[in-house]
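A.B. asks: Enclosed is the structure file query.txt (compact mmCIF, C-alpha atoms).
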# COMPACT_ATOMS: atom_id res chain seq x y z
CA MET A 263 27.50 11.77 -10.28
CA PHE A 264 26.56 8.15 -9.70
CA ILE A 265 24.84 8.63 -6.42
CA LYS A 266 22.69 11.69 -6.98
CA ASN A 267 19.19 11.28 -5.60
CA ILE A 268 17.44 11.50 -8.97
CA ASN A 269 14.13 10.61 -7.36
CA GLU A 270 14.15 13.80 -5.31
CA ILE A 271 15.97 16.00 -7.82
CA ASN A 272 13.71 15.18 -10.75
CA ARG A 273 10.55 15.43 -8.69
CA GLN A 274 11.48 18.85 -7.33
CA ALA A 275 12.42 20.05 -10.82
CA TRP A 276 9.00 18.93 -12.07
CA LEU A 277 7.18 20.65 -9.20
CA ARG A 278 9.08 23.86 -9.77
CA GLN A 279 8.17 23.86 -13.43
CA ILE A 280 4.48 23.06 -12.83
CA LEU A 281 4.12 25.66 -10.08
CA ALA A 282 5.77 28.31 -12.28
CA THR A 283 2.95 27.88 -14.81
CA LEU A 284 0.29 28.95 -12.28
CA PRO A 285 -0.94 32.53 -12.82
CA LYS A 286 0.37 35.25 -10.53
CA GLY A 287 -1.63 35.72 -7.35
CA ALA A 288 -3.53 32.43 -7.59
CA ARG A 289 -4.48 31.07 -4.17
CA LEU A 290 -2.63 27.81 -3.53
CA LEU A 291 -3.02 25.37 -0.64
CA ASP A 292 0.10 23.34 0.14
CA ALA A 293 -1.54 20.36 1.86
CA GLY A 294 0.79 18.45 4.16
CA ALA A 295 3.36 21.20 3.74
CA GLY A 296 5.74 19.95 6.45
CA GLU A 297 8.84 22.14 6.34
CA GLN A 298 7.40 24.06 3.37
CA LYS A 299 10.03 22.77 0.98
CA ASN A 300 7.95 23.85 -2.01
CA ARG A 301 7.15 27.36 -0.79
CA GLN A 302 10.26 28.57 -2.66
CA TYR A 303 8.51 27.81 -5.96
CA CYS A 304 5.42 29.79 -4.95
CA GLY A 305 6.77 33.35 -4.63
CA HIS A 306 4.26 34.54 -7.26
CA LEU A 307 1.29 32.88 -5.53
CA ASN A 308 -1.00 33.51 -2.59
CA TYR A 309 0.50 30.61 -0.63
CA VAL A 310 -1.35 28.92 2.26
CA SER A 311 0.21 25.97 4.09
CA GLN A 312 -1.53 23.16 5.95
CA ASP A 313 -0.07 20.39 8.09
CA PHE A 314 -1.16 18.23 11.03
CA CYS A 315 2.07 19.18 12.81
CA LYS A 316 2.30 15.96 14.81
CA TYR A 317 5.51 14.59 13.34
CA GLN A 318 8.66 16.07 14.81
CA GLY A 319 11.44 13.74 13.73
CA VAL A 320 13.80 11.69 15.85
CA GLY A 321 14.25 14.45 18.40
CA GLY A 322 10.46 14.66 18.74
CA GLY A 323 9.80 11.11 19.87
CA ALA A 324 9.50 9.25 16.56
CA PRO A 325 9.83 5.47 16.96
CA ASP A 326 13.10 3.76 16.19
CA GLU A 327 11.83 2.26 12.95
CA GLY A 328 12.23 3.10 9.28
CA LEU A 329 13.86 6.28 8.10
CA GLN A 330 13.35 9.35 10.24
CA SER A 331 14.54 12.88 9.81
CA ASN A 332 16.57 14.29 12.65
CA GLY A 333 14.49 17.36 13.22
CA TRP A 334 11.24 18.29 11.54
CA ASN A 335 10.13 21.83 12.05
CA THR A 336 6.53 22.64 11.15
CA ARG A 337 6.35 26.04 12.81
CA GLY A 338 4.90 28.66 10.51
CA ILE A 339 2.13 26.42 9.17
CA ASP A 340 -0.98 28.51 8.47
CA LEU A 341 -3.64 25.87 8.96
CA VAL A 342 -2.89 23.23 11.59
CA SER A 343 -5.50 20.54 11.00
CA ASP A 344 -6.23 17.06 9.81
CA ILE A 345 -5.79 16.93 6.04
CA THR A 346 -9.28 15.46 5.69
CA ALA A 347 -10.85 18.42 7.55
CA VAL A 348 -9.12 21.62 6.48
CA PRO A 349 -10.75 24.72 8.04
CA ALA A 350 -11.43 26.65 4.83
CA PRO A 351 -14.62 27.30 2.85
CA ASP A 352 -15.75 25.27 -0.16
CA ALA A 353 -14.21 26.38 -3.46
CA SER A 354 -11.70 28.68 -1.82
CA PHE A 355 -8.52 27.65 -3.64
CA ASP A 356 -7.36 27.95 -7.24
CA ALA A 357 -4.77 25.22 -6.81
CA ILE A 358 -3.86 22.54 -4.30
CA LEU A 359 -0.42 21.02 -4.05
CA CYS A 360 0.02 17.74 -2.18
CA SER A 361 3.50 16.36 -2.69
CA GLU A 362 4.81 13.20 -1.04
CA VAL A 363 2.06 13.30 1.56
CA LEU A 364 -0.58 10.72 0.63
CA GLU A 365 1.51 7.81 1.93
CA HIS A 366 1.32 9.38 5.39
CA VAL A 367 -2.48 9.68 5.44
CA PRO A 368 -4.41 6.64 6.77
CA ASP A 369 -7.31 7.23 4.36
CA PRO A 370 -5.72 9.01 1.39
CA THR A 371 -8.90 9.04 -0.65
CA ARG A 372 -10.59 11.15 2.05
CA ALA A 373 -7.90 13.76 1.48
CA LEU A 374 -8.91 13.70 -2.20
CA ASP A 375 -12.54 14.27 -1.13
CA GLU A 376 -11.41 17.29 0.87
CA PHE A 377 -9.35 18.68 -2.02
CA SER A 378 -12.32 18.43 -4.35
CA ARG A 379 -14.41 20.36 -1.80
CA LEU A 380 -11.77 23.08 -1.40
CA LEU A 381 -10.97 23.64 -5.08
CA LYS A 382 -12.84 26.12 -7.23
CA PRO A 383 -14.33 24.71 -10.42
CA GLY A 384 -11.48 24.58 -12.90
CA GLY A 385 -9.02 24.53 -10.01
CA LYS A 386 -5.83 22.53 -10.32
CA LEU A 387 -4.72 19.61 -8.17
CA ILE A 388 -1.00 18.83 -8.23
CA LEU A 389 -0.13 15.46 -6.70
CA ALA A 390 3.05 13.48 -6.24
CA ALA A 391 3.22 10.34 -4.13
CA PRO A 392 5.65 7.45 -4.01
CA TRP A 393 4.77 4.31 -5.83
CA ARG A 394 7.40 2.23 -4.10
CA LEU A 395 8.59 3.65 -0.87
CA ARG A 396 10.68 2.82 2.07
CA ALA A 397 9.05 3.47 5.41
CA ILE A 398 9.56 7.11 6.25
CA ALA A 399 8.06 9.17 9.02
CA SER A 400 6.54 6.02 10.43
CA GLY A 401 3.96 5.95 13.20
CA THR A 402 2.43 9.31 12.41
CA ASN A 403 -1.15 8.15 12.14
CA MET B 129 19.22 -19.62 -6.07
CA ILE B 130 16.27 -18.10 -7.83
CA LYS B 131 13.50 -19.71 -5.84
CA ASN B 132 10.63 -17.33 -5.29
CA ILE B 133 10.99 -17.18 -1.52
CA ASN B 134 8.41 -14.41 -1.36
CA GLU B 135 5.68 -16.74 -2.64
CA ILE B 136 7.05 -19.95 -1.08
CA ASN B 137 7.37 -18.56 2.43
CA ARG B 138 4.02 -16.80 2.29
CA GLN B 139 2.22 -19.93 1.15
CA ALA B 140 3.98 -21.97 3.84
CA TRP B 141 2.80 -19.49 6.45
CA LEU B 142 -0.77 -19.57 5.13
CA LYS B 143 -0.81 -23.37 5.11
CA GLN B 144 0.40 -23.49 8.68
CA THR B 145 -2.00 -20.78 9.86
CA LEU B 146 -5.02 -22.33 8.13
CA ASN B 147 -4.10 -25.77 9.49
CA THR B 148 -4.52 -24.58 13.06
CA LEU B 149 -8.19 -23.66 12.46
CA PRO B 150 -10.67 -26.08 14.05
CA LYS B 151 -12.41 -28.60 11.79
CA GLY B 152 -15.63 -27.46 10.16
CA VAL B 153 -15.40 -23.72 10.80
CA ARG B 154 -16.86 -21.51 8.10
CA LEU B 155 -14.18 -19.65 6.16
CA LEU B 156 -14.59 -16.96 3.52
CA ASP B 157 -11.74 -16.68 1.03
CA ALA B 158 -12.20 -13.08 -0.07
CA GLY B 159 -10.71 -12.31 -3.48
CA ALA B 160 -10.10 -16.02 -3.97
CA GLY B 161 -9.11 -15.80 -7.65
CA GLU B 162 -8.02 -19.26 -8.78
CA LEU B 163 -8.58 -20.76 -5.32
CA LYS B 164 -4.88 -21.25 -4.69
CA ASN B 165 -5.44 -21.50 -0.94
CA ARG B 166 -8.40 -23.88 -1.07
CA GLN B 167 -5.92 -26.78 -0.82
CA TYR B 168 -5.18 -25.74 2.78
CA CYS B 169 -8.87 -25.63 3.72
CA SER B 170 -10.16 -29.15 3.16
CA HIS B 171 -11.02 -29.45 6.87
CA LEU B 172 -13.07 -26.24 6.71
CA ASP B 173 -16.45 -25.14 5.39
CA TYR B 174 -14.85 -23.17 2.56
CA VAL B 175 -16.67 -20.36 0.73
CA SER B 176 -14.94 -18.38 -2.03
CA GLN B 177 -15.64 -14.84 -3.22
CA ASP B 178 -14.23 -12.92 -6.16
CA PHE B 179 -15.35 -10.13 -8.48
CA CYS B 180 -14.40 -12.33 -11.47
CA GLN B 181 -13.66 -9.45 -13.81
CA TYR B 182 -9.99 -10.17 -14.38
CA HIS B 183 -9.13 -12.85 -16.96
CA GLY B 184 -5.37 -12.56 -17.54
CA ALA B 185 -3.32 -11.61 -20.61
CA GLU B 186 -5.45 -13.66 -22.99
CA GLY B 187 -8.62 -12.24 -21.49
CA GLY B 188 -8.06 -8.68 -22.61
CA ALA B 189 -5.79 -7.31 -19.88
CA PRO B 190 -3.81 -4.21 -20.92
CA GLU B 191 -0.18 -4.63 -21.89
CA GLU B 192 1.15 -3.09 -18.71
CA GLY B 193 2.76 -4.73 -15.73
CA LEU B 194 2.75 -8.44 -15.03
CA HIS B 195 -0.07 -10.80 -16.01
CA PRO B 196 -0.71 -14.51 -15.88
CA LYS B 197 -1.66 -15.85 -19.33
CA LYS B 198 -5.01 -17.09 -18.13
CA TRP B 199 -6.93 -16.44 -14.95
CA ASP B 200 -9.82 -18.78 -14.41
CA THR B 201 -12.35 -17.78 -11.75
CA ASN B 202 -15.11 -20.17 -12.84
CA ARG B 203 -15.40 -21.96 -9.52
CA ILE B 204 -16.14 -18.96 -7.30
CA ASP B 205 -19.14 -19.30 -4.95
CA LEU B 206 -19.96 -15.62 -4.42
CA VAL B 207 -19.37 -13.40 -7.46
CA CYS B 208 -19.58 -9.83 -6.17
CA ASP B 209 -17.72 -6.73 -5.14
CA ILE B 210 -15.55 -7.44 -2.10
CA THR B 211 -17.10 -4.45 -0.32
CA ALA B 212 -20.66 -5.79 -0.73
CA ILE B 213 -20.74 -9.53 -0.15
CA PRO B 214 -24.20 -11.15 -0.20
CA ALA B 215 -23.96 -12.94 3.15
CA PRO B 216 -25.56 -12.13 6.53
CA ASP B 217 -23.81 -10.25 9.35
CA ALA B 218 -21.65 -12.45 11.58
CA SER B 219 -21.89 -15.45 9.28
CA PHE B 220 -18.23 -16.46 9.12
CA ASP B 221 -15.78 -17.80 11.69
CA VAL B 222 -12.75 -16.89 9.60
CA ILE B 223 -11.98 -14.61 6.68
CA LEU B 224 -8.87 -15.07 4.58
CA CYS B 225 -7.80 -12.25 2.27
CA SER B 226 -4.38 -12.92 0.79
CA GLU B 227 -2.64 -10.67 -1.76
CA VAL B 228 -5.91 -8.97 -2.65
CA LEU B 229 -6.01 -5.57 -0.94
CA GLU B 230 -3.70 -3.98 -3.54
CA HIS B 231 -6.33 -4.72 -6.19
CA ILE B 232 -9.15 -2.86 -4.40
CA PRO B 233 -9.67 0.87 -4.96
CA GLU B 234 -10.80 1.37 -1.34
CA PRO B 235 -9.16 -1.40 0.69
CA THR B 236 -10.47 -0.06 3.99
CA HIS B 237 -14.04 -0.59 2.73
CA ALA B 238 -13.18 -4.28 2.41
CA LEU B 239 -12.08 -4.23 6.06
CA ASP B 240 -15.46 -2.74 6.97
CA GLU B 241 -17.16 -5.59 5.14
CA PHE B 242 -14.97 -8.20 6.86
CA ALA B 243 -15.84 -6.69 10.25
CA ARG B 244 -19.54 -7.04 9.36
CA LEU B 245 -19.25 -10.62 8.11
CA LEU B 246 -17.18 -12.04 10.97
CA LYS B 247 -18.70 -13.46 14.14
CA ALA B 248 -17.52 -11.96 17.41
CA GLY B 249 -14.24 -13.69 18.17
CA GLY B 250 -13.83 -14.49 14.48
CA VAL B 251 -10.40 -14.47 12.89
CA LEU B 252 -9.16 -12.32 10.04
CA ILE B 253 -6.09 -13.53 8.15
CA LEU B 254 -4.50 -10.91 5.91
CA THR B 255 -1.47 -10.66 3.67
CA ALA B 256 -0.80 -7.82 1.22
CA PRO B 257 2.33 -6.52 -0.49
CA PHE B 258 4.34 -3.69 0.94
CA ALA B 259 6.23 -3.26 -2.32
CA SER B 260 5.00 -5.20 -5.32
CA ASN B 261 5.40 -4.63 -9.03
CA VAL B 262 2.28 -3.77 -10.99
CA HIS B 263 0.34 -6.95 -11.67
CA MET B 264 -3.19 -7.63 -12.93
CA ALA B 265 -3.54 -4.07 -14.24
CA PRO B 266 -5.76 -2.12 -14.35
CA TYR B 267 -6.89 -3.76 -11.11
CA TYR B 268 -3.83 -2.64 -9.21
CA TYR B 269 -4.23 0.46 -7.08
CA CYS B 270 -1.80 0.64 -4.25
CA SER B 271 0.67 -1.38 -2.25
CA GLY B 272 2.69 -0.02 0.64
CA PHE B 273 0.53 -1.78 3.24
CA SER B 274 2.70 -1.06 6.27
CA LYS B 275 2.61 -2.27 9.86
CA TYR B 276 1.09 1.06 10.77
CA TRP B 277 -1.68 0.62 8.20
CA TYR B 278 -2.82 -2.63 9.83
CA GLU B 279 -2.58 -1.20 13.34
CA HIS B 280 -4.50 1.95 12.48
CA HIS B 281 -7.29 0.42 10.45
CA LEU B 282 -7.81 -2.83 12.36
CA ASN B 283 -7.79 -1.30 15.83
CA ARG B 284 -10.39 1.30 14.92
CA ARG B 285 -12.66 -1.45 13.57
CA GLY B 286 -12.55 -3.37 16.83
CA PHE B 287 -9.98 -5.98 15.87
CA ARG B 288 -7.29 -7.17 18.25
CA ILE B 289 -4.09 -7.93 16.37
CA GLU B 290 -2.73 -11.30 17.37
CA LEU B 291 0.14 -11.48 14.95
CA LEU B 292 1.74 -8.89 12.71
CA ALA B 293 4.98 -10.12 11.20
CA ALA B 294 7.14 -8.82 8.39
CA HIS B 295 7.54 -11.22 5.52
CA GLY B 296 11.01 -10.67 4.11
CA ASP B 297 12.87 -7.39 4.57
CA TRP B 298 14.51 -4.63 2.55
CA TYR B 299 17.44 -6.89 1.61
CA ALA B 300 15.18 -9.77 0.56
CA LEU B 301 13.21 -7.35 -1.58
CA LEU B 302 16.34 -6.05 -3.25
CA ARG B 303 17.53 -9.61 -3.82
CA GLN B 304 14.19 -10.52 -5.37
CA GLU B 305 14.33 -7.65 -7.84
CA ILE B 306 17.95 -8.40 -8.75
CA THR B 307 17.11 -12.03 -9.51
CA ARG B 308 14.51 -10.69 -11.95
CA LEU B 309 16.95 -8.41 -13.76
CA GLY B 310 18.36 -10.86 -16.33
CA SER B 311 15.04 -12.24 -17.52
CA MET B 312 13.50 -8.77 -17.51
CA GLU B 313 16.25 -7.40 -19.77
CA ARG B 314 16.01 -10.40 -22.07
CA GLN B 315 12.23 -10.15 -22.31
CA ARG B 316 12.46 -6.50 -23.17
CA GLY B 317 15.13 -7.14 -25.81
CA ASN B 318 17.93 -5.13 -24.22
CA TRP B 319 21.28 -6.27 -25.60
CA THR B 320 22.86 -5.91 -22.16
CA TRP B 321 20.93 -8.92 -20.87
CA PRO B 322 23.96 -11.23 -20.48
CA LEU B 323 25.64 -8.57 -18.36
CA ALA B 324 22.46 -8.34 -16.32
CA TYR B 325 22.66 -12.05 -15.53
CA VAL B 326 26.28 -11.68 -14.38
CA TYR B 327 25.37 -8.67 -12.24
CA ALA B 328 22.39 -10.54 -10.83
CA LEU B 329 24.50 -13.57 -9.92
CA LEU B 330 26.98 -11.36 -8.11
CA GLY B 331 24.14 -9.60 -6.37
CA VAL B 332 22.51 -12.82 -5.24
CA ALA B 333 25.86 -14.13 -4.01
CA TYR B 334 26.27 -10.94 -2.00
CA PHE B 335 22.88 -11.28 -0.38
CA ASP B 336 23.53 -14.91 0.46
CA LEU B 337 26.74 -13.86 2.21
CA ARG B 338 25.01 -11.36 4.49
CA ILE B 339 21.65 -13.09 4.85
CA ASN B 340 21.30 -12.97 8.61
CA LYS B 341 21.01 -9.23 9.08
CA ARG B 342 17.47 -8.00 8.63
CA ALA B 343 16.01 -4.57 8.01
CA ASP B 344 12.27 -5.19 8.02
CA ASP B 345 11.41 -1.81 9.51
CA LEU B 346 12.54 -0.23 6.24
CA ALA B 347 10.69 -2.38 3.75
CA CYS B 348 9.62 -5.98 3.20
CA PHE B 349 7.58 -8.14 0.81
CA GLY B 350 4.56 -7.56 2.96
CA TRP B 351 3.06 -8.05 6.41
CA GLN B 352 1.30 -11.16 7.61
CA CYS B 353 -1.52 -10.41 9.95
CA VAL B 354 -3.90 -12.37 12.15
CA ALA B 355 -6.53 -10.31 13.94
CA VAL B 356 -9.49 -11.26 16.11
CA LYS B 357 -12.80 -9.44 16.07
CA SER B 358 -13.51 -8.33 19.62
CA ASP B 359 -16.52 -9.72 21.44
CA ASP B 360 -17.80 -6.33 22.48
CA VAL B 361 -18.08 -4.96 18.96
CA LYS B 362 -21.09 -5.55 16.75
Would you mind writing the file out in structure tokens?

C.D. replies:
Amino acid sequence: MFIKNINEINRQAWLRQILATLPKGARLLDAGAGEQKNRQYCGHLNYVSQDFCKYQGVGGGAPDEGLQSNGWNTRGIDLVSDITAVPAPDASFDAILCSEVLEHVPDPTRALDEFSRLLKPGGKLILAAPWRLRAIASGTN
Amino acid sequence: MIKNINEINRQAWLKQTLNTLPKGVRLLDAGAGELKNRQYCSHLDYVSQDFCQYHGAEGGAPEEGLHPKKWDTNRIDLVCDITAIPAPDASFDVILCSEVLEHIPEPTHALDEFARLLKAGGVLILTAPFASNVHMAPYYYCSGFSKYWYEHHLNRRGFRIELLAAHGDWYALLRQEITRLGSMERQRGNWTWPLAYVYALLGVAYFDLRINKRADDLACFGWQCVAVKSDDVK
């Protein structure tokens, strides 16, 4: 019990709870969805995933620096694009989820600009990003 | 044992780097604060800039994070936003910006301004924390300035990186935080504080035992960067 990853466990529990409060059928964009870890909490939603799909883990040519995941499978992403230029109309989402992604974006505030364009008025933005991180998924500019 | 090697080593590096600059060159110290680095610039034409809106704990800072008691920016030459400095294009030979980027909402806009202010061939000297505790709140936005951050943002602005070196590593960072544990617990009135000192001493002893193995790809205090503005860029 001493060495549980409470960072991950508590964050995922929080996300699950927040996502459960969204009304059934709401259109949600999972920005920087990666392996769609949070899709499991979105069964009641109209779930759309976005990722740049350039990071593929150690097996996919990541540099030998920082922490890397062994494999990283982003097949099944709906919108393959830069997170600052998502091919979707203005005000086309009820909610945007962007969890543990901002640290991988060179200009994170431009992603925020894009989210504000994509969200309907009254739409919800759900963000989680590390405050003190170790280098993960490095070199994925 | 509890020397602040983060600060000491960074200042030593700055002193050494600034010393190598030729006599009389025009240097901008961007976000100069209390002019801590002016002492290394007596051979230079030194100009300081700061926004001068932070005044320390006694100057109305919120009770969050770390604060110096007082913060005196009375001697600043150019009082302005770091992203809009009232000086002509290409008017500086060198820009120094040390431990400042984490206090700027849009740090890349400061890089844009530095690129404008530097002469072609001019030198940009940067340091910024990779993992710092909150200090000078609310003017603390983001650390995590990684090697890849410098490479991405400097290259696209026409800078050639001459030096990009990790200052400290993951172990040094851990050691630093452990040395803070005792005083932190005491300050916050936790009865366990004597235990914290014992734990901290053990921790420090451990790190001193294994000091030679580095892991700076994982984390560090911050990166030290020297970049040159290319001749062929405006």

A.B. asks: Please identify every residue of segment 276-324 of chain B that has at least one atom no farther than 12 Å from an atom of segment 129-145 of chain B, counting only C-alpha atoms, and for each give the shortest atom pair and the distance in Å to one decimal, arranged by chain then increasing number, as a tab-separated table.

C.D. replies:
residue	atom	partner	partner_atom	distance
B:Leu291	CA	B:Thr145	CA	10.8
B:Ala293	CA	B:Trp141	CA	10.7
B:Ala294	CA	B:Arg138	CA	10.5
B:His295	CA	B:Arg138	CA	7.3
B:Gly296	CA	B:Asn134	CA	7.1
B:Asp297	CA	B:Asn134	CA	10.2
B:Ala300	CA	B:Asn134	CA	8.4
B:Leu301	CA	B:Asn134	CA	8.5
B:Leu302	CA	B:Asn134	CA	11.7
B:Arg303	CA	B:Ile130	CA	9.5
B:Gln304	CA	B:Asn132	CA	7.7
B:Glu305	CA	B:Ile130	CA	10.6
B:Ile306	CA	B:Ile130	CA	9.9
B:Thr307	CA	B:Ile130	CA	6.4
B:Arg308	CA	B:Ile130	CA	8.7
B:Leu309	CA	B:Ile130	CA	11.4
B:Gly310	CA	B:Ile130	CA	11.4
B:Ser311	CA	B:Ile130	CA	11.4

A.B. asks: Please produce a file of the residues just selected, as an mmCIF file, keeping the file's coordinate frame, where the atoms kept are C-alpha atoms.

C.D. replies:
data_model
loop_
_atom_site.group_PDB
_atom_site.id
_atom_site.type_symbol
_atom_site.label_atom_id
_atom_site.label_comp_id
_atom_site.auth_asym_id
_atom_site.auth_seq_id
_atom_site.Cartn_x
_atom_site.Cartn_y
_atom_site.Cartn_z
ATOM 1 C CA LEU B 291 0.140 -11.480 14.950
ATOM 2 C CA ALA B 293 4.980 -10.120 11.200
ATOM 3 C CA ALA B 294 7.140 -8.820 8.390
ATOM 4 C CA HIS B 295 7.540 -11.220 5.520
ATOM 5 C CA GLY B 296 11.010 -10.670 4.110
ATOM 6 C CA ASP B 297 12.870 -7.390 4.570
ATOM 7 C CA ALA B 300 15.180 -9.770 0.560
ATOM 8 C CA LEU B 301 13.210 -7.350 -1.580
ATOM 9 C CA LEU B 302 16.340 -6.050 -3.250
ATOM 10 C CA ARG B 303 17.530 -9.610 -3.820
ATOM 11 C CA GLN B 304 14.190 -10.520 -5.370
ATOM 12 C CA GLU B 305 14.330 -7.650 -7.840
ATOM 13 C CA ILE B 306 17.950 -8.400 -8.750
ATOM 14 C CA THR B 307 17.110 -12.030 -9.510
ATOM 15 C CA ARG B 308 14.510 -10.690 -11.950
ATOM 16 C CA LEU B 309 16.950 -8.410 -13.760
ATOM 17 C CA GLY B 310 18.360 -10.860 -16.330
ATOM 18 C CA SER B 311 15.040 -12.240 -17.520
#

A.B. asks: Which of these residues is nearest to chain B, using all atoms listed in the file: A:Ala347, A:Leu329, A:Asp375, A:Glu362?

C.D. replies: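 When distances to chain B are compared using all atoms listed in the file, the smallest one comes from A:Leu329.
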
A.B. asks: Residues of chain B within 8 Å of chain A, counting all atoms listed in the file, what are they? List them as number ranges by chain.

C.D. replies: B: 234, 236, 259-260, 270-272, 274, 276-277, 280-281, 345-347

A.B. asks: So how many Å separate atom CA of Leu291 of chain A and atom CA of Gln279 of chain A, to one decimal?

C.D. replies: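 Value for the atom CA of Leu291 of chain A-atom CA of Gln279 of chain A distance: 17.1 Å.
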
A.B. asks: For Ser219 of chain B, work out the shell of residues within 12 Å, counting only C-alpha atoms and skipping chain neighbours fewer than 5 positions away, then give it as a ChimeraX atom specification.

C.D. replies: /B:153-156,173,175,213-214,241-250

A.B. asks: Report the distance between atom CA of Leu380 of chain A and atom CA of Ser354 of chain A in Å, rounded to one decimal place.

C.D. replies: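 These two atoms are separated by 5.6 Å.
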
A.B. asks: Give as JSON, numbers by chain each residue that has an atom at most 12 Å from (4.2, 33.8, -12.2) in the file, counting all atoms listed in the file.

C.D. replies: {"A": [278, 279, 280, 281, 282, 283, 284, 285, 286, 287, 288, 303, 304, 305, 306, 307, 308]}

A.B. asks: Find the residue from B:Cys180, B:Glu313, B:Gly159, B:Arg166 that sits nearest to Ala238 of chain B; use all atoms listed in the file when measuring.

C.D. replies: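 Under the stated criterion, the closest residue is B:Gly159.
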
A.B. asks: What's the 7 Å shell around segment 309-316 of chain A, counting all atoms listed in the file, without same-chain residues fewer than 3 positions away, as number ranges by chain?

C.D. replies: A: 289-296, 304, 336, 339-345

A.B. asks: Using the selection just defined, write its residues with C-alpha atoms as a PDB file, in the coordinates of the input.

C.D. replies:
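Saved file result_3.pdb follows:
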ATOM      1  CA  ARG A 289      -4.480  31.070  -4.170  1.00  0.00           C
ATOM      2  CA  LEU A 290      -2.630  27.810  -3.530  1.00  0.00           C
ATOM      3  CA  LEU A 291      -3.020  25.370  -0.640  1.00  0.00           C
ATOM      4  CA  ASP A 292       0.100  23.340   0.140  1.00  0.00           C
ATOM      5  CA  ALA A 293      -1.540  20.360   1.860  1.00  0.00           C
ATOM      6  CA  GLY A 294       0.790  18.450   4.160  1.00  0.00           C
ATOM      7  CA  ALA A 295       3.360  21.200   3.740  1.00  0.00           C
ATOM      8  CA  GLY A 296       5.740  19.950   6.450  1.00  0.00           C
ATOM      9  CA  CYS A 304       5.420  29.790  -4.950  1.00  0.00           C
ATOM     10  CA  THR A 336       6.530  22.640  11.150  1.00  0.00           C
ATOM     11  CA  ILE A 339       2.130  26.420   9.170  1.00  0.00           C
ATOM     12  CA  ASP A 340      -0.980  28.510   8.470  1.00  0.00           C
ATOM     13  CA  LEU A 341      -3.640  25.870   8.960  1.00  0.00           C
ATOM     14  CA  VAL A 342      -2.890  23.230  11.590  1.00  0.00           C
ATOM     15  CA  SER A 343      -5.500  20.540  11.000  1.00  0.00           C
ATOM     16  CA  ASP A 344      -6.230  17.060   9.810  1.00  0.00           C
ATOM     17  CA  ILE A 345      -5.790  16.930   6.040  1.00  0.00           C
TER      18      ILE A 345
END

A.B. asks: Could you add whatever atoms are missing so that segment 174-185 of chain B carries N, CA and C atoms, then write the result as an mmCIF file, in the frame of the given file?

C.D. replies:
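Result went into part.cif, see below:
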data_model
loop_
_atom_site.group_PDB
_atom_site.id
_atom_site.type_symbol
_atom_site.label_atom_id
_atom_site.label_comp_id
_atom_site.auth_asym_id
_atom_site.auth_seq_id
_atom_site.Cartn_x
_atom_site.Cartn_y
_atom_site.Cartn_z
ATOM 1 N N TYR B 174 -15.526 -24.194 3.367
ATOM 2 C CA TYR B 174 -14.850 -23.170 2.560
ATOM 3 C C TYR B 174 -15.809 -22.485 1.590
ATOM 4 N N VAL B 175 -15.846 -21.146 1.658
ATOM 5 C CA VAL B 175 -16.670 -20.360 0.730
ATOM 6 C C VAL B 175 -15.753 -19.358 0.026
ATOM 7 N N SER B 176 -15.821 -19.300 -1.300
ATOM 8 C CA SER B 176 -14.940 -18.380 -2.030
ATOM 9 C C SER B 176 -15.725 -17.201 -2.585
ATOM 10 N N GLN B 177 -15.055 -16.066 -2.635
ATOM 11 C CA GLN B 177 -15.640 -14.840 -3.220
ATOM 12 C C GLN B 177 -14.629 -14.239 -4.175
ATOM 13 N N ASP B 178 -15.103 -13.682 -5.274
ATOM 14 C CA ASP B 178 -14.230 -12.920 -6.160
ATOM 15 C C ASP B 178 -15.108 -12.048 -7.057
ATOM 16 N N PHE B 179 -14.546 -10.974 -7.581
ATOM 17 C CA PHE B 179 -15.350 -10.130 -8.480
ATOM 18 C C PHE B 179 -15.336 -10.672 -9.917
ATOM 19 N N CYS B 180 -14.404 -11.583 -10.198
ATOM 20 C CA CYS B 180 -14.400 -12.330 -11.470
ATOM 21 C C CYS B 180 -14.385 -11.437 -12.703
ATOM 22 N N GLN B 181 -13.719 -10.319 -12.639
ATOM 23 C CA GLN B 181 -13.660 -9.450 -13.810
ATOM 24 C C GLN B 181 -12.283 -9.434 -14.455
ATOM 25 N N TYR B 182 -11.337 -10.101 -13.821
ATOM 26 C CA TYR B 182 -9.990 -10.170 -14.380
ATOM 27 C C TYR B 182 -9.782 -11.548 -15.014
ATOM 28 N N HIS B 183 -9.252 -11.572 -16.252
ATOM 29 C CA HIS B 183 -9.130 -12.850 -16.960
ATOM 30 C C HIS B 183 -7.728 -13.099 -17.512
ATOM 31 N N GLY B 184 -6.734 -12.305 -17.085
ATOM 32 C CA GLY B 184 -5.370 -12.560 -17.540
ATOM 33 C C GLY B 184 -5.055 -11.983 -18.906
ATOM 34 N N ALA B 185 -3.812 -12.207 -19.362
ATOM 35 C CA ALA B 185 -3.320 -11.610 -20.610
ATOM 36 C C ALA B 185 -4.195 -11.979 -21.795
#
